$ cat entry_18.txt   # compact mmCIF, C-alpha atoms
# COMPACT_ATOMS: atom_id res chain seq x y z
CA MET S 1 120.28 110.26 232.63
CA SER S 2 116.53 110.82 232.97
CA VAL S 3 114.13 110.15 230.11
CA VAL S 4 113.37 113.88 229.85
CA LYS S 5 117.05 114.78 229.55
CA ARG S 6 117.59 112.01 227.00
CA ILE S 7 114.72 113.28 224.86
CA ALA S 8 115.97 116.86 225.19
CA LYS S 9 119.43 115.75 224.07
CA ILE S 10 118.04 113.92 221.05
CA ILE S 11 115.95 116.95 220.10
CA GLY S 12 118.97 119.22 220.50
CA ILE S 13 121.13 117.01 218.29
CA ALA S 14 118.40 116.86 215.66
CA LEU S 15 118.00 120.65 215.68
CA LEU S 16 121.75 121.12 215.39
CA ALA S 17 121.88 118.72 212.45
CA LEU S 18 119.01 120.56 210.80
CA VAL S 19 120.76 123.91 211.24
CA LEU S 20 124.00 122.49 209.82
CA VAL S 21 122.22 121.00 206.79
CA ALA S 22 120.27 124.19 206.14
CA GLY S 23 123.38 126.32 206.55
CA GLY S 24 125.36 124.07 204.24
CA TYR S 25 122.63 124.23 201.61
CA VAL S 26 122.47 128.02 201.76
CA ALA S 27 126.26 128.14 201.45
CA TYR S 28 126.01 125.84 198.43
CA LEU S 29 123.45 128.12 196.76
CA GLN S 30 125.49 131.22 197.50
CA GLY S 31 128.72 129.62 196.32
CA THR S 32 127.25 128.54 193.00
CA TYR S 33 125.20 131.68 192.31
CA TYR S 34 126.36 134.08 189.61
CA ARG S 35 124.93 136.61 187.19
CA ILE S 36 125.84 136.59 183.53
CA ALA S 37 127.68 139.78 182.61
CA ASP S 38 125.97 142.38 180.45
CA HIS S 39 126.95 142.64 176.75
CA GLU S 40 127.85 138.96 176.47
CA LYS S 41 128.53 138.04 172.83
CA LEU S 42 126.25 135.23 171.64
CA SER S 43 127.09 132.56 169.08
CA ILE S 44 125.12 132.34 165.85
CA THR S 45 124.81 128.81 164.51
CA ASN S 46 123.62 127.72 161.06
CA ASP S 47 123.65 131.37 159.94
CA GLN S 48 121.80 132.04 156.70
CA ALA S 49 122.82 134.05 153.62
CA PRO S 50 119.81 136.16 152.54
CA THR S 51 119.74 139.88 153.36
CA MET S 52 116.68 141.75 154.61
CA ARG S 53 114.82 143.64 151.89
CA VAL S 54 112.88 146.87 152.21
CA GLY S 55 109.17 146.51 151.45
CA LYS S 56 109.14 142.72 151.58
CA GLU S 57 106.64 141.12 153.95
CA TYR S 58 108.09 138.96 156.75
CA ILE S 59 106.54 136.92 159.53
CA ALA S 60 107.78 136.72 163.12
CA THR S 61 106.40 134.78 166.07
CA THR S 62 106.90 134.89 169.82
CA TYR S 63 106.00 132.00 172.12
CA ASN S 64 106.74 131.30 175.78
CA ILE S 65 106.59 127.49 175.84
CA GLY S 66 106.64 127.26 179.66
CA PHE S 67 109.42 124.62 179.73
CA GLY S 68 106.94 122.09 178.33
CA ALA S 69 105.03 121.69 181.59
CA TYR S 70 101.79 123.58 181.11
CA THR S 71 98.98 121.37 179.96
CA PRO S 72 95.64 123.17 180.49
CA ASP S 73 95.17 121.58 183.93
CA TYR S 74 98.73 122.24 185.13
CA THR S 75 99.27 124.70 188.01
CA PHE S 76 102.56 126.19 189.23
CA PHE S 77 103.59 126.49 192.87
CA MET S 78 104.64 130.16 192.66
CA ASP S 79 101.25 131.30 191.33
CA ALA S 80 98.54 132.34 193.79
CA GLY S 81 95.23 134.09 193.17
CA VAL S 82 91.68 134.51 194.36
CA MET S 83 88.17 134.11 193.01
CA LYS S 84 85.77 137.05 192.96
CA ASP S 85 83.91 135.47 195.90
CA GLY S 86 87.12 135.55 197.93
CA THR S 87 88.11 131.88 197.61
CA PRO S 88 91.93 131.64 197.41
CA THR S 89 93.62 129.69 194.63
CA GLN S 90 97.13 128.28 194.70
CA GLY S 91 99.25 126.39 192.16
CA SER S 92 100.86 123.15 193.30
CA HIS S 93 103.46 121.73 190.91
CA GLY S 94 107.20 122.43 190.97
CA ILE S 95 108.04 120.26 187.97
CA ALA S 96 106.19 118.91 184.95
CA VAL S 97 103.95 115.95 185.69
CA SER S 98 105.98 113.56 183.51
CA ARG S 99 108.62 113.35 180.81
CA GLU S 100 105.94 112.24 178.36
CA SER S 101 103.95 115.39 179.11
CA VAL S 102 107.02 117.56 178.44
CA GLU S 103 107.67 115.80 175.16
CA ASP S 104 104.03 116.17 174.09
CA CYS S 105 103.86 119.87 174.99
CA THR S 106 107.19 120.59 173.30
CA SER S 107 106.10 118.78 170.13
CA GLY S 108 102.75 120.59 170.20
CA ALA S 109 104.40 123.99 170.54
CA ILE S 110 106.77 123.21 167.67
CA ALA S 111 103.87 122.10 165.48
CA VAL S 112 102.04 125.38 166.06
CA ILE S 113 105.02 127.49 165.00
CA THR S 114 106.10 125.33 162.06
CA GLY S 115 102.51 125.61 160.83
CA ILE S 116 102.93 129.40 160.72
CA ALA S 117 106.29 129.10 158.90
CA PRO S 118 107.85 132.29 160.31
CA ASP S 119 110.94 133.99 159.00
CA PHE S 120 111.83 134.79 162.61
CA ALA S 121 110.78 132.77 165.65
CA LEU S 122 111.29 133.95 169.23
CA PHE S 123 110.88 131.44 172.07
CA GLN S 124 111.08 131.91 175.84
CA GLU S 125 111.45 129.36 178.69
CA VAL S 126 113.28 126.87 176.52
CA ASP S 127 114.97 124.25 178.73
CA THR S 128 118.15 122.48 177.73
CA ASP S 129 118.94 120.26 180.74
CA SER S 130 116.61 120.82 183.69
CA THR S 131 115.13 118.74 186.48
CA ARG S 132 111.74 120.41 186.06
CA SER S 133 111.44 119.22 182.45
CA TYR S 134 113.02 115.78 182.90
CA GLN S 135 116.19 116.79 181.02
CA VAL S 136 114.31 117.11 177.71
CA ASN S 137 116.49 119.28 175.45
CA GLN S 138 113.86 121.60 174.04
CA GLU S 139 116.42 123.81 172.34
CA ALA S 140 117.69 120.90 170.24
CA ARG S 141 114.17 119.76 169.39
CA ILE S 142 113.09 123.20 168.22
CA GLU S 143 116.26 123.73 166.21
CA SER S 144 115.88 120.39 164.43
CA ALA S 145 112.38 121.45 163.34
CA PHE S 146 113.81 124.58 161.65
CA PRO S 147 116.85 123.36 159.67
CA SER S 148 116.76 126.41 157.36
CA HIS S 149 117.05 128.96 160.18
CA GLY S 150 120.03 130.44 161.95
CA ARG S 151 119.92 130.15 165.74
CA VAL S 152 120.89 132.16 168.81
CA PHE S 153 120.43 131.00 172.41
CA ALA S 154 120.68 133.30 175.43
CA SER S 155 120.69 131.77 178.92
CA ASN S 156 118.39 133.40 181.47
CA PHE S 157 117.95 130.67 184.12
CA HIS S 158 120.98 128.75 185.37
CA SER S 159 120.29 127.60 188.91
CA SER S 160 121.89 125.05 191.17
CA PHE S 161 119.58 122.47 192.72
CA LEU S 162 116.53 124.23 194.19
CA ALA S 163 115.20 121.98 196.97
CA TYR S 164 111.74 123.52 196.85
CA PRO S 165 108.78 122.97 196.87
CA TRP S 166 108.42 119.64 198.63
CA PRO S 167 108.04 117.01 197.28
CA GLU S 168 108.23 118.32 193.67
CA MET S 169 111.54 120.12 194.03
CA HIS S 170 112.29 122.47 191.12
CA GLY S 171 115.82 121.10 190.99
CA THR S 172 118.57 122.25 188.63
CA VAL S 173 117.48 124.55 185.80
CA ASN S 174 119.19 125.48 182.54
CA SER S 175 116.90 127.54 180.34
CA GLY S 176 116.81 130.55 178.08
CA LEU S 177 115.65 132.49 175.04
CA LEU S 178 115.93 130.96 171.58
CA THR S 179 115.82 133.13 168.44
CA LEU S 180 115.59 131.70 164.92
CA SER S 181 116.21 133.65 161.71
CA SER S 182 115.88 132.74 158.03
CA VAL S 183 118.14 135.67 157.02
CA HIS S 184 121.70 136.61 157.83
CA VAL S 185 122.43 137.74 161.41
CA GLU S 186 125.58 139.85 161.58
CA SER S 187 125.99 139.73 165.37
CA SER S 188 124.15 138.98 168.60
CA GLU S 189 124.60 139.93 172.22
CA ARG S 190 122.87 139.29 175.52
CA ARG S 191 121.75 142.32 177.53
CA SER S 192 121.20 141.79 181.25
CA TYR S 193 118.09 143.33 182.78
CA PRO S 194 118.23 144.63 186.36
CA VAL S 195 116.91 141.91 188.71
CA ASP S 196 116.03 141.52 192.37
CA ASP S 197 119.32 140.53 194.04
CA SER S 198 117.85 140.15 197.52
CA PHE S 199 119.20 137.12 199.39
CA ILE S 200 116.41 134.59 198.81
CA THR S 201 114.74 135.92 195.66
CA LYS S 202 117.90 135.80 193.55
CA PHE S 203 118.09 132.02 193.86
CA PHE S 204 114.56 131.44 192.54
CA ASP S 205 114.12 134.17 189.93
CA LEU S 206 115.52 134.15 186.43
CA ASP S 207 118.65 135.97 185.31
CA ARG S 208 116.40 138.19 183.20
CA CYS S 209 117.70 139.41 179.87
CA PHE S 210 116.98 140.18 176.25
CA SER S 211 119.00 139.19 173.21
CA VAL S 212 119.84 141.67 170.45
CA GLU S 213 120.30 140.36 166.92
CA ARG S 214 121.72 142.77 164.31
CA ILE S 215 120.48 141.94 160.82
CA PRO S 216 121.82 143.86 157.78
CA VAL S 217 119.25 145.51 155.51
CA GLU S 218 119.85 146.13 151.82
CA ASN S 219 119.71 149.94 152.30
CA GLY S 220 122.67 149.94 154.71
CA LYS S 221 120.61 150.10 157.90
CA GLU S 222 120.01 147.27 160.38
CA LEU S 223 116.98 145.45 161.63
CA VAL S 224 117.57 145.21 165.38
CA LEU S 225 115.58 142.15 166.41
CA MET S 226 115.21 141.57 170.16
CA ASN S 227 113.86 138.64 172.19
CA SER S 228 112.81 139.67 175.70
CA HIS S 229 111.48 138.08 178.89
CA MET S 230 110.82 140.59 181.67
CA SER S 231 110.33 139.86 185.37
CA ALA S 232 107.27 138.34 186.99
CA TYR S 233 106.51 138.09 190.72
CA ASP S 234 107.72 141.67 191.15
CA GLU S 235 105.78 143.02 194.12
CA GLY S 236 105.46 146.78 193.80
CA GLY S 237 106.79 146.76 190.24
CA LEU S 238 110.17 148.31 191.18
CA ILE S 239 112.32 145.86 189.20
CA CYS S 240 110.05 145.97 186.15
CA ALA S 241 110.25 149.78 186.18
CA GLN S 242 114.05 149.55 186.12
CA GLN S 243 113.91 147.04 183.28
CA LEU S 244 111.61 149.29 181.26
CA GLU S 245 113.92 152.24 181.84
CA MET S 246 116.88 150.25 180.55
CA LEU S 247 114.95 149.07 177.50
CA GLN S 248 113.76 152.59 176.72
CA GLY S 249 117.38 153.70 176.53
CA VAL S 250 118.32 150.90 174.15
CA LEU S 251 115.32 151.55 171.90
CA SER S 252 116.01 155.28 171.75
CA GLU S 253 119.65 154.68 170.88
CA GLU S 254 118.78 152.37 167.98
CA TYR S 255 116.07 154.72 166.71
CA ALA S 256 118.52 157.62 166.70
CA LYS S 257 120.76 155.57 164.40
CA GLY S 258 117.91 155.23 161.92
CA ASN S 259 117.67 151.47 162.42
CA TYR S 260 114.54 149.36 162.21
CA VAL S 261 113.54 147.80 165.56
CA VAL S 262 111.31 144.80 166.28
CA ILE S 263 111.21 143.45 169.83
CA GLY S 264 109.02 140.55 170.90
CA GLY S 265 108.60 138.36 173.90
CA ASP S 266 106.89 137.78 177.22
CA TRP S 267 106.51 141.20 178.84
CA ASN S 268 104.79 140.08 182.05
CA HIS S 269 102.78 143.29 181.67
CA ALA S 270 99.29 143.60 180.22
CA LEU S 271 99.51 145.10 176.73
CA CYS S 272 96.99 147.34 174.95
CA ASP S 273 94.76 147.82 178.04
CA SER S 274 93.98 144.09 178.14
CA GLN S 275 94.23 143.72 181.93
CA ALA S 276 90.44 143.50 182.35
CA LEU S 277 89.42 142.77 178.76
CA TYR S 278 88.39 139.12 178.99
CA PRO S 279 85.60 137.29 180.88
CA SER S 280 86.79 135.77 184.17
CA GLN S 281 85.55 134.79 187.60
CA GLN S 282 88.79 136.11 189.08
CA PRO S 283 89.64 139.79 189.65
CA VAL S 284 92.69 141.38 188.02
CA PRO S 285 95.62 139.93 190.02
CA ASP S 286 97.98 142.14 191.99
CA TRP S 287 100.91 141.15 189.77
CA VAL S 288 99.38 142.72 186.66
CA SER S 289 101.12 145.93 185.62
CA THR S 290 100.68 147.52 182.22
CA ILE S 291 102.77 148.81 179.34
CA GLY S 292 101.16 151.74 177.57
CA PRO S 293 102.21 154.45 175.10
CA ASP S 294 103.78 156.55 177.87
CA ASP S 295 106.13 153.68 178.72
CA LEU S 296 107.72 153.70 175.26
CA PRO S 297 110.08 156.21 173.67
CA ASP S 298 108.90 158.42 170.82
CA GLY S 299 108.71 156.49 167.57
CA PHE S 300 107.64 153.15 169.09
CA ARG S 301 104.34 151.35 169.57
CA VAL S 302 102.97 148.07 170.84
CA VAL S 303 101.40 146.24 167.88
CA ARG S 304 97.80 145.62 168.89
CA ALA S 305 96.64 142.18 167.73
CA ASP S 306 93.76 142.30 165.27
CA ASN S 307 91.89 139.74 167.40
CA LEU S 308 92.96 141.13 170.79
CA SER S 309 89.40 141.38 172.11
CA SER S 310 88.72 137.67 171.59
CA VAL S 311 92.07 135.92 172.19
CA ALA S 312 94.38 136.47 175.17
CA THR S 313 97.96 135.20 175.37
CA CYS S 314 98.43 134.17 179.00
CA ARG S 315 96.37 132.31 181.61
CA GLY S 316 96.79 132.30 185.36
CA ALA S 317 98.55 129.16 186.61
CA ASP S 318 97.06 129.32 190.10
CA MET S 319 94.21 127.06 188.95
CA PRO S 320 93.47 124.69 186.05
CA TYR S 321 92.43 126.54 182.92
CA GLU S 322 88.70 126.95 182.51
CA PRO S 323 87.48 129.37 179.80
CA GLY S 324 85.52 132.26 181.26
CA VAL S 325 86.64 131.37 184.80
CA THR S 326 90.46 131.49 184.89
CA TYR S 327 92.02 134.97 184.65
CA VAL S 328 93.60 135.64 181.25
CA THR S 329 95.24 138.67 179.68
CA THR S 330 97.67 139.55 176.87
CA ILE S 331 101.27 139.91 178.02
CA ASP S 332 103.00 138.56 174.89
CA GLY S 333 103.55 140.52 171.72
CA PHE S 334 105.70 142.90 169.74
CA ILE S 335 106.91 146.49 169.93
CA VAL S 336 108.11 148.10 166.70
CA SER S 337 109.63 151.37 165.57
CA ASP S 338 107.57 153.62 163.31
CA ASN S 339 109.70 152.76 160.26
CA VAL S 340 108.21 149.25 160.46
CA ALA S 341 104.72 148.53 159.09
CA ALA S 342 103.15 145.73 161.12
CA HIS S 343 100.01 143.97 162.24
CA ALA S 344 99.61 141.06 164.66
CA GLN S 345 97.40 138.14 165.56
CA ASN S 346 97.14 136.22 168.83
CA ILE S 347 97.09 132.50 168.03
CA ASP S 348 94.42 130.60 169.97
CA THR S 349 95.81 127.21 171.06
CA GLY S 350 93.47 126.81 174.03
CA TYR S 351 96.66 126.78 176.14
CA ALA S 352 97.17 123.19 175.01
CA ASN S 353 100.99 123.30 175.15
CA SER S 354 101.80 126.19 177.49
CA ASP S 355 100.24 128.75 179.80
CA HIS S 356 100.87 131.17 176.92
CA ASN S 357 99.50 131.52 173.42
CA PRO S 358 101.90 132.54 170.63
CA VAL S 359 101.67 135.80 168.71
CA LYS S 360 102.21 136.18 164.96
CA LEU S 361 103.58 139.44 163.58
CA THR S 362 103.43 140.28 159.87
CA PHE S 363 105.73 143.19 159.07
CA SER S 364 107.75 145.01 156.43
CA LEU S 365 110.51 147.60 156.55
CA LYS S 366 109.53 151.00 155.15
CA ALA S 367 111.65 152.85 152.61
CA LEU S 368 113.58 155.67 154.27
CA ALA S 369 113.31 159.23 153.01

$ encode --input "entry_18.txt" --output "structure tokens"
Amino acid sequence: MSVVKRIAKIIGIALLALVLVAGGYVAYLQGTYYRIADHEKLSITNDQAPTMRVGKEYIATTYNIGFGAYTPDYTFFMDAGVMKDGTPTQGSHGIAVSRESVEDCTSGAIAVITGIAPDFALFQEVDTDSTRSYQVNQEARIESAFPSHGRVFASNFHSSFLAYPWPEMHGTVNSGLLTLSSVHVESSERRSYPVDDSFITKFFDLDRCFSVERIPVENGKELVLMNSHMSAYDEGGLICAQQLEMLQGVLSEEYAKGNYVVIGGDWNHALCDSQALYPSQQPVPDWVSTIGPDDLPDGFRVVRADNLSSVATCRGADMPYEPGVTYVTTIDGFIVSDNVAAHAQNIDTGYANSDHNPVKLTFSLKALA
């Protein structure tokens, strides 16, 4: 056999092996992929006894803790952007830089929220056992910091091993939404948002959802408290539009019952016309859509933070954070029904523990006529 034929044979065998490995991996992903069914009943642990009172002031917070990875200089491989002079920017990391970093960021995020002492605390991107966060159980750590709160966890990311990007492979992910309550929660369920089920995207995107906690009020009505995390990386905004349509239906249904509604979370949409509100050397990214009054049913409003003009809630992760340079906007916050009196404040952490800042809502339930 000639040298050329021998080399060609070796190359052919190598290509065949590569095809078999790739095909086997795709089959593995497909075989282990599943979506959580809509209307899944969620367990309430450490449930509390007090009942919601009309007219009493309560505090709620929402905080996307970014699985404990996002120190101010951390960038994420799925985030890409551009400077105003045309220079492209691209995130690089697929996992946190170290276990110590995850522990520090998780502890820092907990310290911020315990310092606020909320009656209700909503968290997103809380990992329980994930490669990307070095198996740090953030759910357990948060819960131990709030021993006097009931707890509900809703899974929204449950992937098999994601062998991408190289060499910082995202790995296996188990993550979700954690809701804490200092008052009695009668029931909780997980509602499944529409998601992009295309062949590749479904393996890398979250199983998007929102949780619905039903909390009895002394006047016989319910506070319907929701914790939401809508889609990002939605080119064209088709999936987000479907998610908004679904949410509009749920909000309208609860409002028609005369219930009180408070929904917080990471909307992945600019709120209160904040898409170009803050100084930056980057243009408004293509991914930025907005939620405005026309996107909500009658009787609902986004609670505009009192300090919205000076404090944003989310930074771009396509470059290290630099004030006045990195693009920032407000995509975290609360929507309430008009039978809820509320005002909000964006909490400036300097993005020390996450690529998000938390939001504090102070609210009370109005007496019904």

$ closest_atom_pairs --input "entry_18.txt" --of "region 99-211 of chain S" --to "region 228-249 of chain S" --cutoff "10 Å" --atoms "all atoms listed in the file" --output "tab-separated table"
residue	atom	partner	partner_atom	distance
S:Leu122	CA	S:Ser228	CA	8.8
S:Phe123	CA	S:Ser228	CA	9.2
S:Gln124	CA	S:His229	CA	6.9
S:Glu125	CA	S:His229	CA	8.7
S:Asn156	CA	S:His229	CA	8.7
S:Gly176	CA	S:His229	CA	9.3
S:Leu177	CA	S:Ser228	CA	7.7
S:Arg191	CA	S:Ser228	CA	9.5
S:Ser192	CA	S:Gln243	CA	9.2
S:Tyr193	CA	S:Gln243	CA	5.6
S:Pro194	CA	S:Gln243	CA	5.8
S:Val195	CA	S:Ile239	CA	6.1
S:Asp196	CA	S:Ile239	CA	6.5
S:Thr201	CA	S:Tyr233	CA	9.8
S:Asp205	CA	S:Ser231	CA	8.2
S:Leu206	CA	S:Ser231	CA	7.8
S:Asp207	CA	S:Ser231	CA	9.2
S:Arg208	CA	S:Met230	CA	6.3
S:Cys209	CA	S:Ser228	CA	6.4
S:Phe210	CA	S:Ser228	CA	4.2
S:Ser211	CA	S:Ser228	CA	6.7

$ atom_distance --input "entry_18.txt" --atom1 "CA of Ile65 (chain S)" --atom2 "CA of His93 (chain S)"
16.4 Å

$ closest_residue --input "entry_18.txt" --among "S:Thr179, S:Ser148, S:Gly171, S:Val340" --to "Val126 (chain S)" --atoms "all atoms listed in the file"
S:Thr179

$ residues_around --input "entry_18.txt" --residues "region 67-80 of chain S" --least-positions-apart "6" --cutoff "8 Å" --atoms "all atoms listed in the file" --output "ChimeraX atom specification"
/S:88-97,101-106,125-127,132-133,138,165,316-321,350-355

$ atom_distance --input "entry_18.txt" --atom1 "CA of Val302 (chain S)" --atom2 "CA of Ile335 (chain S)"
4.3 Å

$ closest_residue --input "entry_18.txt" --among "S:Thr87, S:Ser43, S:Gln135, S:Ser252" --to "Leu296 (chain S)" --atoms "all atoms listed in the file"
S:Ser252

$ residues_around --input "entry_18.txt" --residues "Leu180 (chain S)" --least-positions-apart "5" --cutoff "7 Å" --atoms "only C-alpha atoms" --output "tab-separated table (two decimals) with C-alpha atoms, keeping the file's coordinate frame"
chain	number	residue	atom	x	y	z
S	120	PHE	CA	111.83	134.79	162.61
S	121	ALA	CA	110.78	132.77	165.65
S	122	LEU	CA	111.29	133.95	169.23
S	149	HIS	CA	117.05	128.96	160.18
S	150	GLY	CA	120.03	130.44	161.95
S	151	ARG	CA	119.92	130.15	165.74
S	152	VAL	CA	120.89	132.16	168.81

$ atom_distance --input "entry_18.txt" --atom1 "CA of Ser181 (chain S)" --atom2 "CA of Ser155 (chain S)"
17.9 Å

$ closest_residue --input "entry_18.txt" --among "S:Ala342, S:Ile263, S:Ile110, S:Ile142" --to "Glu213 (chain S)" --atoms "only C-alpha atoms"
S:Ile263

$ residues_around --input "entry_18.txt" --residues "Leu251 (chain S)" --least-positions-apart "2" --cutoff "12 Å" --atoms "only C-alpha atoms" --output "ChimeraX atom specification"
/S:212,224-226,244-249,253-263,295-301,335-338

$ residues_around --input "entry_18.txt" --residues "Ala276 (chain S)" --least-positions-apart "6" --cutoff "10 Å" --atoms "all atoms listed in the file" --output "MDAnalysis selection string"
chainID S and resid 270 283:285 288 327:330

$ closest_residue --input "entry_18.txt" --among "S:His184, S:Lys360, S:Lys366, S:His39" --to "Gly55 (chain S)" --atoms "all atoms listed in the file"
S:Lys366

$ closest_residue --input "entry_18.txt" --among "S:Val173, S:Leu178, S:Val217, S:Ile347" --to "Lys56 (chain S)" --atoms "only C-alpha atoms"
S:Val217

$ residues_around --input "entry_18.txt" --residues "Asp266 (chain S)" --least-positions-apart "2" --cutoff "9 Å" --atoms "all atoms listed in the file" --output "list in words"
Thr62, Tyr63, Asn64, Gln124, Asn227, Ser228, His229, Met230, Gly264, Asn268, His269, Ile331, Asp332, Gly333 and His356 of chain S

$ write_last_selection --input "entry_18.txt" --atoms "C-alpha atoms" --output "CSV table (one decimal), keeping the file's coordinate frame"
chain,number,residue,atom,x,y,z
S,62,THR,CA,106.9,134.9,169.8
S,63,TYR,CA,106.0,132.0,172.1
S,64,ASN,CA,106.7,131.3,175.8
S,124,GLN,CA,111.1,131.9,175.8
S,227,ASN,CA,113.9,138.6,172.2
S,228,SER,CA,112.8,139.7,175.7
S,229,HIS,CA,111.5,138.1,178.9
S,230,MET,CA,110.8,140.6,181.7
S,264,GLY,CA,109.0,140.6,170.9
S,268,ASN,CA,104.8,140.1,182.0
S,269,HIS,CA,102.8,143.3,181.7
S,331,ILE,CA,101.3,139.9,178.0
S,332,ASP,CA,103.0,138.6,174.9
S,333,GLY,CA,103.6,140.5,171.7
S,356,HIS,CA,100.9,131.2,176.9

$ closest_residue --input "entry_18.txt" --among "S:Met83, S:Val112, S:Ile36, S:Ala49" --to "His158 (chain S)" --atoms "all atoms listed in the file"
S:Ile36

$ axis_aligned_box --input "entry_18.txt" --around "region 119-134 of chain S" --padding-each-side "4 Å" --output "lines of an AutoDock Vina configuration file"
center_x = 114.9
center_y = 125.3
center_z = 172.7
size_x = 16.2
size_y = 27.0
size_z = 35.5

$ decode --input "entry_18.txt" --residues "region 108-138 of chain S" --atoms "C-alpha atoms" --output "PDB file, in the first residue's frame"
ATOM      1  CA  GLY S 108     -22.398  38.104  48.548  1.00  0.00           C
ATOM      2  CA  ALA S 109     -25.811  37.799  46.917  1.00  0.00           C
ATOM      3  CA  ILE S 110     -27.276  36.289  50.082  1.00  0.00           C
ATOM      4  CA  ALA S 111     -25.811  39.100  52.179  1.00  0.00           C
ATOM      5  CA  VAL S 112     -27.440  41.734  49.977  1.00  0.00           C
ATOM      6  CA  ILE S 113     -30.904  40.204  50.314  1.00  0.00           C
ATOM      7  CA  THR S 114     -30.672  39.359  54.016  1.00  0.00           C
ATOM      8  CA  GLY S 115     -29.686  42.993  54.557  1.00  0.00           C
ATOM      9  CA  ILE S 116     -33.006  44.044  53.002  1.00  0.00           C
ATOM     10  CA  ALA S 117     -34.948  41.529  55.144  1.00  0.00           C
ATOM     11  CA  PRO S 118     -37.766  40.896  52.640  1.00  0.00           C
ATOM     12  CA  ASP S 119     -41.044  39.192  53.398  1.00  0.00           C
ATOM     13  CA  PHE S 120     -40.825  37.610  49.944  1.00  0.00           C
ATOM     14  CA  ALA S 121     -37.620  36.874  48.041  1.00  0.00           C
ATOM     15  CA  LEU S 122     -37.550  35.772  44.399  1.00  0.00           C
ATOM     16  CA  PHE S 123     -34.320  34.351  42.962  1.00  0.00           C
ATOM     17  CA  GLN S 124     -33.457  33.211  39.444  1.00  0.00           C
ATOM     18  CA  GLU S 125     -30.552  31.090  38.111  1.00  0.00           C
ATOM     19  CA  VAL S 126     -30.129  29.228  41.367  1.00  0.00           C
ATOM     20  CA  ASP S 127     -27.991  26.112  40.787  1.00  0.00           C
ATOM     21  CA  THR S 128     -28.367  22.970  42.840  1.00  0.00           C
ATOM     22  CA  ASP S 129     -25.864  20.549  41.268  1.00  0.00           C
ATOM     23  CA  SER S 130     -24.206  21.908  38.133  1.00  0.00           C
ATOM     24  CA  THR S 131     -20.841  21.608  36.426  1.00  0.00           C
ATOM     25  CA  ARG S 132     -20.792  25.325  35.646  1.00  0.00           C
ATOM     26  CA  SER S 133     -20.960  26.255  39.346  1.00  0.00           C
ATOM     27  CA  TYR S 134     -18.721  23.462  40.685  1.00  0.00           C
ATOM     28  CA  GLN S 135     -21.663  21.613  42.259  1.00  0.00           C
ATOM     29  CA  VAL S 136     -22.232  24.385  44.831  1.00  0.00           C
ATOM     30  CA  ASN S 137     -25.800  23.940  46.105  1.00  0.00           C
ATOM     31  CA  GLN S 138     -26.980  27.538  46.006  1.00  0.00           C
TER      32      GLN S 138
END
